[in-house]
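Below is one structure, written out as C-alpha cells; the observations come after it.
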Amino acid sequence: MTDRMPRRLTLEPGWRGMVGDLASDQRAFKKVPWSKVMMWAFLVSDVFIFACFLVGYMMARIASSAPWPNASEVFALDVAGRQVPLLLIAIMTFILISSSGTMALAVKCGYERRRFATGGLLIATALLGTIFVGMQAFEWTKLIHEGVRPWSNPWGAEQFGAAFFLITGFHGTHVSVGVLFLVVMAIKVLRGSLQAGRPGFLTGRRGRYEMVETLGLYWHFVDLVWVFIFAFFYLW
Amino acid sequence: MGEREYDASSYAPPAEVEEMELPHPKGFFGKYVWSQDAKVIAVQYGLTATAIGLVALVLSLLMRLQLGFPNSLSLIDPGSYLQYVTMHGMIMVVYLLTAIFLGGFGNYLIPLMCGARDMVFPYLNMLSYWIYLASVLILVAGFFVAGGSTGAGWTLYPPQAISPGTPGVDTGIVLMLVSLAVFIVGFTMGGLNYVVTVLQARTRGMTLMRLPLTVWGIFMATVMALLAFPALFVAVLMMLMDRLIGTSFFMPEMLSMGESSDHRGGSPLLFQHLFWFFGHPEVYIVALPAFGIVSDLIATHARKNIFGYRMMVWAIIIIGALSFVVWAHHMYVSGMSPYFGFLFATTTLIIAVPTAIKVYNWVLTLWRGNIRLTLPMLFAIGFLFTFVNGGLSGLFLGNVTVDVPLSDTYFVVGHFHMVMAVAPILVIFGAIYHWYPKITGRMLDETLGKVHFWITFLGTYVIYYPMHFMGLEGVPRRYYAYGETTFISDSVQSLNAVITVAAFIVALAQLLFLFNLAWSYFRGREAGSNPWQATTLEWQTPHTPPRHGNFGKALPIVYRWPYDYSVPGVKQDFIPQNVPPEAVERESDTRRGGER
C-alpha cells in the first residue's frame with residue numbers, strides 16, 4: 001500500500017511547486033474560509049473599477065485643453081484669514097487611516113473572542129467612518145458654494161468637477177456601505193451571534209468571528225483606495 | 001509528473017471542506033421560484049436568456065428583411081433599423097451569450113462537476129438571477145418608451161450615442177446604460193460564487209488538474225468577466241453623467257445647427273478604450289466556456305481522452321491573460337498612434353498561438369477516435385469548422401494595414417458572427433443536447449435534432465460566407481439602404497436577398513429546436529443516469545435529475561482525471577472519475593497496465 005501513496009506535489013520547489021500547491025486537492029487556499037476568498041475576489045474586481053476611474057481621470061486631465069484648477073488653492077481652508085492648503089484633507093485622511101487601526105484591533109479581539117472589545121472597536125470604526133463621510137459632505141458643500149458643479153467650475157477645465165464628484169462620491173458610497181455593515185456586524189457581535197454561531201442576516205450562514213476579518217478586508221481596501229484618490233486629486 | 005502516481009493510487013485525502021447546510025424549502029415557490037439551488041437558478045438563467053435571445057433573433061430578421069427586400073415593410077425606417085442593430089448586438093453578446101454560458105451552464109455544471117453540494121453562497125446566487133432578470137426587464141422597457149430604444153450601435157460610441165438625432169436619445173440610451181450597470185452588479189454576485197466554488201469547494205481528490213475542461217473554461221471566463229466588466233461599469237456611469245447631468249467625460253464641444261453644444265473638452269477616445277477593455281475580454285468570456293464545453297463533448301463522444309489536457313488548461317489561462325492586452329485592435333481606425341496599433345497587432349497575432357493549440361488538440365482528439373455521430377458530436381464538429389473559418393478571417397482583421405480598408409464593412413460582420421456568434425451558439429446547442437438528459441431525465445428527439453443541426457449549420461454558412469465577399473467589395477455595415485452607390489455591384493442586392501431567405505429558414509429551424517425541448521420534456525425517451533457513458537461527476541449522481549444537494553448522503557471521492565475513455569485492458573470503455581482503481585473491471589489480470 002505504501003508504495004502506492006502519492007508523491008506530494010507540494011514538496012516540489014519553485015514555480016512547479018507553487019502551481020502544485022494552488023492546484024491541489026479540494027481547496028486552492030488551505031484553511032481560508034469561503035467568505036474571505038470571495039471578499040478578495042470582489043476586491044480585485046473593485047480595484048479594476050477604481051483603476052478605471054483614476055485612469056479615466058488622468059486621461060481627461062492630460063487631454064484637457066483648458067487649465068486645470070490648482071489643488072492647493074481649491075481645497076484650501078480659510079483659517080483666521082489665512083488660506084491653509086490640505087488642512088481638511090489631512091484631517092480626513094488621518095481619521096480614515098485611524099479607522100483602519102481600530103478595525104485591525106477589532107479583528108484581533110474577535111479572534112480572542114472578546115465580545116465587548118470587538119463590538120466597541122467596530123462601533124469606533126463606524127464612528128470614524130461616519131466622521132469621514134461627514135467631512136466629505138462638508139467639503140462638497142464648500143465646493144458647491146464656491147460654484148463648482150459637475151458641468152462647470154470658476155477656475156478651468158470642467159472635467160475637474162465631474163471627476164471629483166464622481167470618484168470621491170463613489171468612494172464615499174463605499175465608505176457609507178462599509179459603515180452600515182460595520183453597524184450590523186457590531187450588533188451581531190454585541191448580542192453574541194458570532195460567539196454562539198447563530199445563523200442570521202440574510203444568508204442564514206452561521207455566525208463566526210472570521211466574518212469580522214472579512215469585513216475588515218473591505219474596510220482596509222476602502223482606506224487604501226482613498227490614499228490613491230488623495231494622491232491623484234489633492235497632491236497632483 | 002506527480003499526477004500520474006496520484007491517479008494510479010487509491011489514496012483519498014481527508015475531507016477539508018466542511019459539509020454545507022442547505023435550506024430545503026417545501027412549497028412550489030421556494031423550490032422553483034425563489035430557489036437557492038444552483039440547478040434551478042441555472043434553468044431560470046437559461047430560460048430568461050433564451051427568451052431575450054429570441055427577441056434579438058426577431059430583430060435580426062427585421063434587419064435582414066430590410067436589407068434583402070428593401071422597403072417591403074413600412075414598419076422599418078432608418079431610425080428603427082439602427083435600433084434593431086443596437087439591441088440585437090447588445091442582447092446577443094451580453095444578455096444571451098454571457099448569461100447562458102456563465103449563469104446557465106456555470107450554475108448547473110460547476111457544483112456538479114466539482115463535486116459540491118451547491119454554490120458556496122446560494123443566497124447571493126439567487127439574488128444574482130433576480131438582478132439579471134431586472135436588468136433584462138429594464139432593457140426591454142426601452143422598446144416601449146417614447147422615442148424607443150437606443151440606436152447608437154451596440155458599442156454605444158459617444159458623442160453620437162447621446163447627441164440629439166440618434167434614435168432613443170431621450171430615454172432609450174438611459175435605460176440601456178442603467179440596464180448594463182444592473183447586469184454587472186448581478187453578474188458580480190454570481191461570478192464571485194463561481195470562482196470561489198471552483199477554488200474552495202471541490203470534493204475529495206478533485207485537484208485543479210482533474211477538473212473537466214468545461215469547468216476550466218467557465219472558471220477562467222468568470223475571472224475575466226470580474227476584471228473586464230468594471231471597465232464597462234465605469235464607462236456606463238460616466239456616460240450616464242454625461243447624458244443626465246451634463247458633464248463632459250466623453251463629449252467634446254460640438255457645433256450643431258450653428259450653435260455650440262453645452263459640452264466641452266471630453267474625450268470620445270476614452271470611452272472607446274474603456275469599452276474595448278471590457279469588449280475584447282468579453283469575446284473570450286463567451287469563447288472560453290465554449291472551448292471548455294466542446295473539449296468535453298469531443299472527448300466523450302469520440303471515446304478518447306482529450307489530447308494534451310495540460311496544454312489545454314494552460315492555453316485557456318494564457319488566452320485569458322492575453323485577451324486583456326489586445327483591446328485596441330478594435331480601434332485601428334480611431335486615430336491612435338500607429339506605434340500603438342503595431343503593439344496591439346503583435347499581441348493580437350500572439351493570441352492565435354494558444355488558440356491554434358486548442359484547435360489542433362481537438363482535431364487530434366478526434367483522430368482515430370471511436371467517433372459517435374450523436375447530436376452533441378455533430379454540433380461540436382460544426383463548431384470546429386465554424387471557429388476555424390471565423391478565426392482565420394480574424395488574422396486579416398488583426399493586421400493594421402489589412403484592417404483599415406476592411407473596417408466597418410461586411411467583412412467584419414461575417415468575421416465576428418462566425419467566430420463569436422455562430423461558433424458559441426453551436427456549442428450551446430451541443431451542450432443542451434448533451435446535458436438535457438441530466439437536467440430533465442429525458443433524451444431530446446434525435447431526428448428533429450439532426451434536422452435542426454443541418455439547417456442551422458449549413459444555413460449559417462449561406463448567411464455569413466457571402467458577407468466576406470461583400471466586405472471585400474467595400475459594402476459598409478450598419479447601413480439601412482445603399483441607394484446609388486457606384487462601387488457596390490448589382491449582384492450584392494441578390495446576395496442580400498439570398499442571405500435573408502437563408503436567415504428566415506435558419507430562424508424557423510430554431511422553432512423546431514424549441515418544440516423539441518418542450519415535446520421531449522414530456523414525451524422524450526427516458527435517459528437513465530448516464531446515457532452518454534461519460535466519466536464526469538454530474539453523470540454519477542444517485543438521482544436523475546439530481547436533487548437539491550446533488551449527491552445524496554455522501555459526496556463522491558475522485559480518483560482520476562475526467563478523460564479515462566477507452567483505457568486499454570479495461571472492460572468498459574470509460575471509467576467514471578469516482579471509481580477507485582481496485583473497482584475497475586479489467587479484461588484479465590495478466591494484461592494490466594496502461595491505465596491512467
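Residues are referred to by chain and number: the chain letter is A, B, ... according to the order shown in the C-alpha cells, the number counts from 1 in that chain, and ligands are numbered separately from 1 in the order shown.
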
Original post:
Do you know which residues are at most 7 Å from region 161-169 of chain B counting only C-alpha atoms, after dropping those on the same chain fewer than 2 positions away, and could you put them as a ChimeraX atom specification?
Top reply: /B:79,83,147-152,156-159,171-173,243

Residues of chain A within 8 Å of chain B, using only C-alpha atoms, as a compact mmCIF listing (two decimals) with N, CA and C atoms, in the first residue's frame?
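Result written to part_13.txt:
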# COMPACT_ATOMS: atom_id res chain seq x y z
N ARG A 4 2.11 2.81 -3.10
CA ARG A 4 1.15 3.47 -3.97
C ARG A 4 0.70 4.82 -3.42
N MET A 5 1.27 5.20 -2.29
CA MET A 5 0.94 6.54 -1.79
C MET A 5 1.49 7.59 -2.75
N PRO A 6 0.77 8.66 -2.98
CA PRO A 6 1.22 9.65 -3.96
C PRO A 6 2.42 10.45 -3.47
N ARG A 7 3.26 10.78 -4.42
CA ARG A 7 4.31 11.73 -4.11
C ARG A 7 3.65 13.10 -3.95
N ARG A 8 4.03 13.84 -2.95
CA ARG A 8 3.33 15.11 -2.73
C ARG A 8 3.90 16.20 -3.64
N LEU A 9 3.05 16.67 -4.52
CA LEU A 9 3.45 17.73 -5.43
C LEU A 9 3.91 18.97 -4.69
N LEU A 22 -1.35 25.42 -5.48
CA LEU A 22 -2.62 26.06 -5.82
C LEU A 22 -3.59 25.07 -6.43
N ALA A 23 -3.04 24.11 -7.20
CA ALA A 23 -3.92 23.19 -7.92
C ALA A 23 -4.28 21.99 -7.08
N SER A 24 -3.89 21.98 -5.81
CA SER A 24 -4.04 20.76 -5.04
C SER A 24 -5.50 20.52 -4.68
N ASP A 25 -5.67 19.38 -4.04
CA ASP A 25 -6.97 18.83 -3.73
C ASP A 25 -7.90 19.76 -2.96
N GLN A 26 -9.16 19.80 -3.33
CA GLN A 26 -10.28 20.43 -2.60
C GLN A 26 -10.22 21.94 -2.48
N ARG A 27 -9.10 22.46 -1.99
CA ARG A 27 -9.03 23.91 -1.79
C ARG A 27 -7.76 24.46 -2.39
N ALA A 28 -7.86 25.56 -3.11
CA ALA A 28 -6.66 26.21 -3.62
C ALA A 28 -5.94 26.93 -2.49
N PHE A 29 -6.71 27.55 -1.61
CA PHE A 29 -6.12 28.27 -0.48
C PHE A 29 -6.51 27.53 0.79
N TRP A 34 -14.54 30.41 2.87
CA TRP A 34 -15.11 30.83 1.59
C TRP A 34 -15.30 32.34 1.52
N VAL A 37 -12.15 34.32 0.69
CA VAL A 37 -11.75 34.23 -0.73
C VAL A 37 -12.68 35.09 -1.57
N MET A 38 -13.99 35.03 -1.25
CA MET A 38 -14.93 35.82 -2.02
C MET A 38 -14.63 37.31 -1.88
N ALA A 41 -11.70 38.20 -4.00
CA ALA A 41 -12.07 38.24 -5.43
C ALA A 41 -12.85 39.52 -5.72
N PHE A 42 -13.77 39.85 -4.83
CA PHE A 42 -14.55 41.07 -5.02
C PHE A 42 -13.65 42.30 -5.03
N VAL A 44 -10.49 42.50 -5.81
CA VAL A 44 -9.72 42.59 -7.06
C VAL A 44 -10.57 43.22 -8.15
N SER A 45 -11.82 42.78 -8.22
CA SER A 45 -12.75 43.37 -9.19
C SER A 45 -12.93 44.85 -8.93
N ASP A 46 -13.06 45.19 -7.65
CA ASP A 46 -13.26 46.59 -7.27
C ASP A 46 -12.02 47.43 -7.58
N PHE A 48 -10.21 47.06 -10.10
CA PHE A 48 -10.32 47.41 -11.51
C PHE A 48 -11.29 48.58 -11.72
N ILE A 49 -12.35 48.63 -10.93
CA ILE A 49 -13.28 49.75 -11.06
C ILE A 49 -12.56 51.05 -10.73
N CYS A 52 -9.97 52.02 -13.29
CA CYS A 52 -10.57 52.61 -14.50
C CYS A 52 -10.99 54.05 -14.23
N PHE A 53 -11.56 54.29 -13.05
CA PHE A 53 -11.93 55.65 -12.69
C PHE A 53 -10.72 56.56 -12.72
N GLY A 56 -9.21 57.02 -16.15
CA GLY A 56 -10.08 57.92 -16.90
C GLY A 56 -9.86 59.37 -16.50
N MET A 59 -6.58 60.58 -17.91
CA MET A 59 -6.66 60.85 -19.34
C MET A 59 -7.42 62.14 -19.59
N ALA A 60 -8.52 62.34 -18.86
CA ALA A 60 -9.29 63.57 -19.04
C ALA A 60 -8.43 64.78 -18.71
N ALA A 63 -5.74 65.27 -21.39
CA ALA A 63 -6.29 65.68 -22.68
C ALA A 63 -6.92 67.05 -22.63
N SER A 64 -7.15 67.57 -21.41
CA SER A 64 -7.88 68.83 -21.29
C SER A 64 -7.07 70.00 -21.84
N SER A 65 -7.73 70.81 -22.67
CA SER A 65 -7.03 71.99 -23.18
C SER A 65 -7.21 73.18 -22.25
N ALA A 66 -8.29 73.19 -21.49
CA ALA A 66 -8.49 74.27 -20.52
C ALA A 66 -7.57 74.04 -19.32
N PRO A 150 -20.61 69.65 -11.50
CA PRO A 150 -20.05 68.60 -12.37
C PRO A 150 -19.87 69.09 -13.80
N TRP A 151 -20.62 70.11 -14.19
CA TRP A 151 -20.53 70.56 -15.59
C TRP A 151 -19.77 71.88 -15.74
N ALA A 157 -10.92 73.73 -16.39
CA ALA A 157 -11.50 72.55 -17.05
C ALA A 157 -12.68 72.01 -16.27
N GLU A 158 -13.78 71.79 -16.98
CA GLU A 158 -14.97 71.35 -16.28
C GLU A 158 -14.91 69.90 -15.86
N GLN A 159 -13.95 69.13 -16.45
CA GLN A 159 -13.81 67.73 -16.04
C GLN A 159 -13.36 67.63 -14.59
N ALA A 162 -16.52 67.15 -12.57
CA ALA A 162 -17.14 65.87 -12.91
C ALA A 162 -16.38 64.71 -12.28
N LEU A 202 -29.82 37.70 6.44
CA LEU A 202 -29.97 37.36 5.03
C LEU A 202 -29.58 35.93 4.67
N THR A 203 -28.32 35.60 4.79
CA THR A 203 -27.88 34.36 4.18
C THR A 203 -28.13 33.14 5.05

Original post:
So which residues of region 20-233 of chain A fall under alpha helix (DSSP H) by DSSP, listed as a PyMOL selection string?
Top reply: chain A and resi 20-22+34-63+71-74+87-111+115-145+159-190+193-196+210-230

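Separating CA of Arg586 (chain B) from CA of Val567 (chain B) is a distance of 9.9 Å.
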
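Near Tyr360 (chain B), within 9 Å and counting only C-alpha atoms, sit Phe307, Thr355 and Thr365 of chain B; same-chain residues fewer than 5 positions away were not included.
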
**OP:** Could you pull out the residues in region 19-228 of chain A that DSSP calls strand (DSSP E or B) from the backbone, as a count of residues only?
**Re:** 10

Subject >> Selection near region 383-391 of chain B, 8 Å with only C-alpha atoms, sequence-local residues under 6 positions removed, as a ChimeraX atom specification >> reply: /B:359,414-419,422-424,426-427
